[in-house]
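Data block below; observations after.
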Amino acid sequence: KSILITGTATHTEKLSKELKKLGLHGKKLILSKINISTCEQELAKGIEKVENGCYTIFTSPNGVDVFFNLLKRYEIDVRKIYGTRIAAVGSGTCEKLRNYGLIPDVVPKKYTVEELAKAIAEDCRKKVGAKSAVAFRSAQGSKSLEEILTKDGFDFTDVSTYSVGADKDAIENFEKNGAEKKYSRITFSSGSGVKIFFEEMKNPQNFFSQDTVVICIGEETKKQIEKYRGLTGNMKIITADNFSCKGLAKAVKESCYEQKQKIKTEQHNEKSC
């Protein structure tokens with residue numbers, strides 16, 4: 001199967017490796033790059049709001065990496081977040097936090113920011129904790145997190161630690177090398193990546209055929225893809241059960257297997273006629 005992997009350089013490389021483990025090979029399209037958007041003053045302001053008993057929130061592996069890199073750059077003691085309740089969404093985010101020695105206290109069963117906000121509010125009621133929360137995440141993060149928590153009475157601070165922007169050089173290089181073709185599977189890992197794909201690529205519709213299946217991470221990403229159905233036609237969209245590169249690779253593998261079985265069945269029926 002022809003598989004197109006989209007995202008940042010780090011993500012596309014990691015997903016490519018996971019697919020190879022499953023016997024699949026994909027073409028990498030680097031669409032976006034991480035821009036660290038937090039100045040020292042904004043980070044310091046966010047850190048000041050972190051206090052014992054409050055909720056420290058992370059919604060992506062990128063947010064975790066950028067957060068700890070910024071702490072190191074500005075020589076802020078990591079012990080500042082000790083004693084807080086760590087909240088995270090997505091297995092990839094949780095795995096990244098564990099790499100830094102932190103085990104999240106609050107993780108929703110369904111990996112959406114809406115469910116994360118509800119889980120934090122419920123945890124706070126059970127623990128009778130401080131109704132205070134600080135989120136270190138992308139500037140393009142969903143507003144639902146803030147809306148739900150503030151409605152529940154939380155003092156919420158949203159710290160934009162980074163933003164995701166188009167990697168125009170990588171996109172131009174991809175297009176120059178004639179990599180434009182129709183793919184049977186296309187993966188997306190974020191809503192911002194979807195937007196960049198359809199708005200920065202010259203002819204995004206040319207990558208799709210009537211049989212193209214889009215595999216994505218998260219409901220927010222799926223919602224963003226739905227906006228471009230006018231360009232892609234009646235494409236099938238699958239959301240990975242596990243919101244990580246491993247989960248995404250597994251979903252691609254299962255999708256390919258299902259199509260293979262479907263073709264076998266159709267061929268069998270034709271012979272029977």
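In the structure tokens, the first chain shown is A, the next is B, and so on; residue numbers restart at 1 for each chain, and ligands run from 1 in the order shown.
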Per-residue nearest contacts of stretch 42-150 of chain A to stretch 240-262 of chain A (8 Å; only C-alpha atoms) as a tab-separated table:
residue	atom	partner	partner_atom	distance
A:Gly90	CA	A:Phe243	CA	5.4
A:Ser91	CA	A:Phe243	CA	5.8
A:Gly92	CA	A:Ser244	CA	4.8
A:Tyr111	CA	A:Phe243	CA	7.2
Selection from above, all heavy atoms, as a PDB file, in the first residue's frame, can you write it?
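The file below, selection.pdb, is the result:
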ATOM      1  N   GLY A  90      -3.807  11.643  26.228  1.00  0.00           N
ATOM      2  CA  GLY A  90      -3.091  10.901  25.194  1.00  0.00           C
ATOM      3  C   GLY A  90      -1.955  10.061  25.744  1.00  0.00           C
ATOM      4  O   GLY A  90      -1.189  10.513  26.608  1.00  0.00           O
ATOM      5  N   SER A  91      -1.835   8.836  25.235  1.00  0.00           N
ATOM      6  CA  SER A  91      -0.786   7.927  25.709  1.00  0.00           C
ATOM      7  C   SER A  91       0.603   8.438  25.357  1.00  0.00           C
ATOM      8  O   SER A  91       1.563   8.214  26.096  1.00  0.00           O
ATOM      9  CB  SER A  91      -0.994   6.529  25.117  1.00  0.00           C
ATOM     10  OG  SER A  91      -1.065   6.579  23.710  1.00  0.00           O
ATOM     11  N   GLY A  92       0.721   9.158  24.228  1.00  0.00           N
ATOM     12  CA  GLY A  92       2.015   9.718  23.850  1.00  0.00           C
ATOM     13  C   GLY A  92       2.478  10.776  24.843  1.00  0.00           C
ATOM     14  O   GLY A  92       3.660  10.843  25.198  1.00  0.00           O
ATOM     15  N   TYR A 111      -9.535  10.151  24.946  1.00  0.00           N
ATOM     16  CA  TYR A 111      -8.464  11.124  24.774  1.00  0.00           C
ATOM     17  C   TYR A 111      -8.892  12.370  24.008  1.00  0.00           C
ATOM     18  O   TYR A 111      -8.542  12.580  22.843  1.00  0.00           O
ATOM     19  CB  TYR A 111      -7.283  10.464  24.061  1.00  0.00           C
ATOM     20  CG  TYR A 111      -6.578   9.420  24.896  1.00  0.00           C
ATOM     21  CD1 TYR A 111      -5.747   8.482  24.308  1.00  0.00           C
ATOM     22  CD2 TYR A 111      -6.730   9.368  26.274  1.00  0.00           C
ATOM     23  CE1 TYR A 111      -5.089   7.515  25.055  1.00  0.00           C
ATOM     24  CE2 TYR A 111      -6.085   8.424  27.033  1.00  0.00           C
ATOM     25  CZ  TYR A 111      -5.267   7.493  26.426  1.00  0.00           C
ATOM     26  OH  TYR A 111      -4.615   6.552  27.175  1.00  0.00           O
TER      27      TYR A 111
END
Practice task
Could you give me, as an MDAnalysis selection string, each residue of stretch 15-191 of chain A that DSSP assigns to alpha helix (DSSP H) when run on this structure's backbone?
Solution key: chainID A and resid 15:21 40:49 61:73 91:99 113:127 144:151 168:176 191
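Closest approach to A:Ala166 among A:Ile34, A:Ile57, A:Val50, A:Val113 is made by A:Ile34 (distances from only C-alpha atoms).
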Handout entry: Contacts of A:Ile36 within 8 Å, only C-alpha atoms, excl. fewer than 5 positions in-chain, as a ChimeraX atom specification
Key = /A:66,161-163
Problem - Selection near A:Thr12, 9 Å with only C-alpha atoms, sequence-local residues under 4 positions removed, as an MDAnalysis selection string - result: chainID A and resid 5:8 16:17 27:30
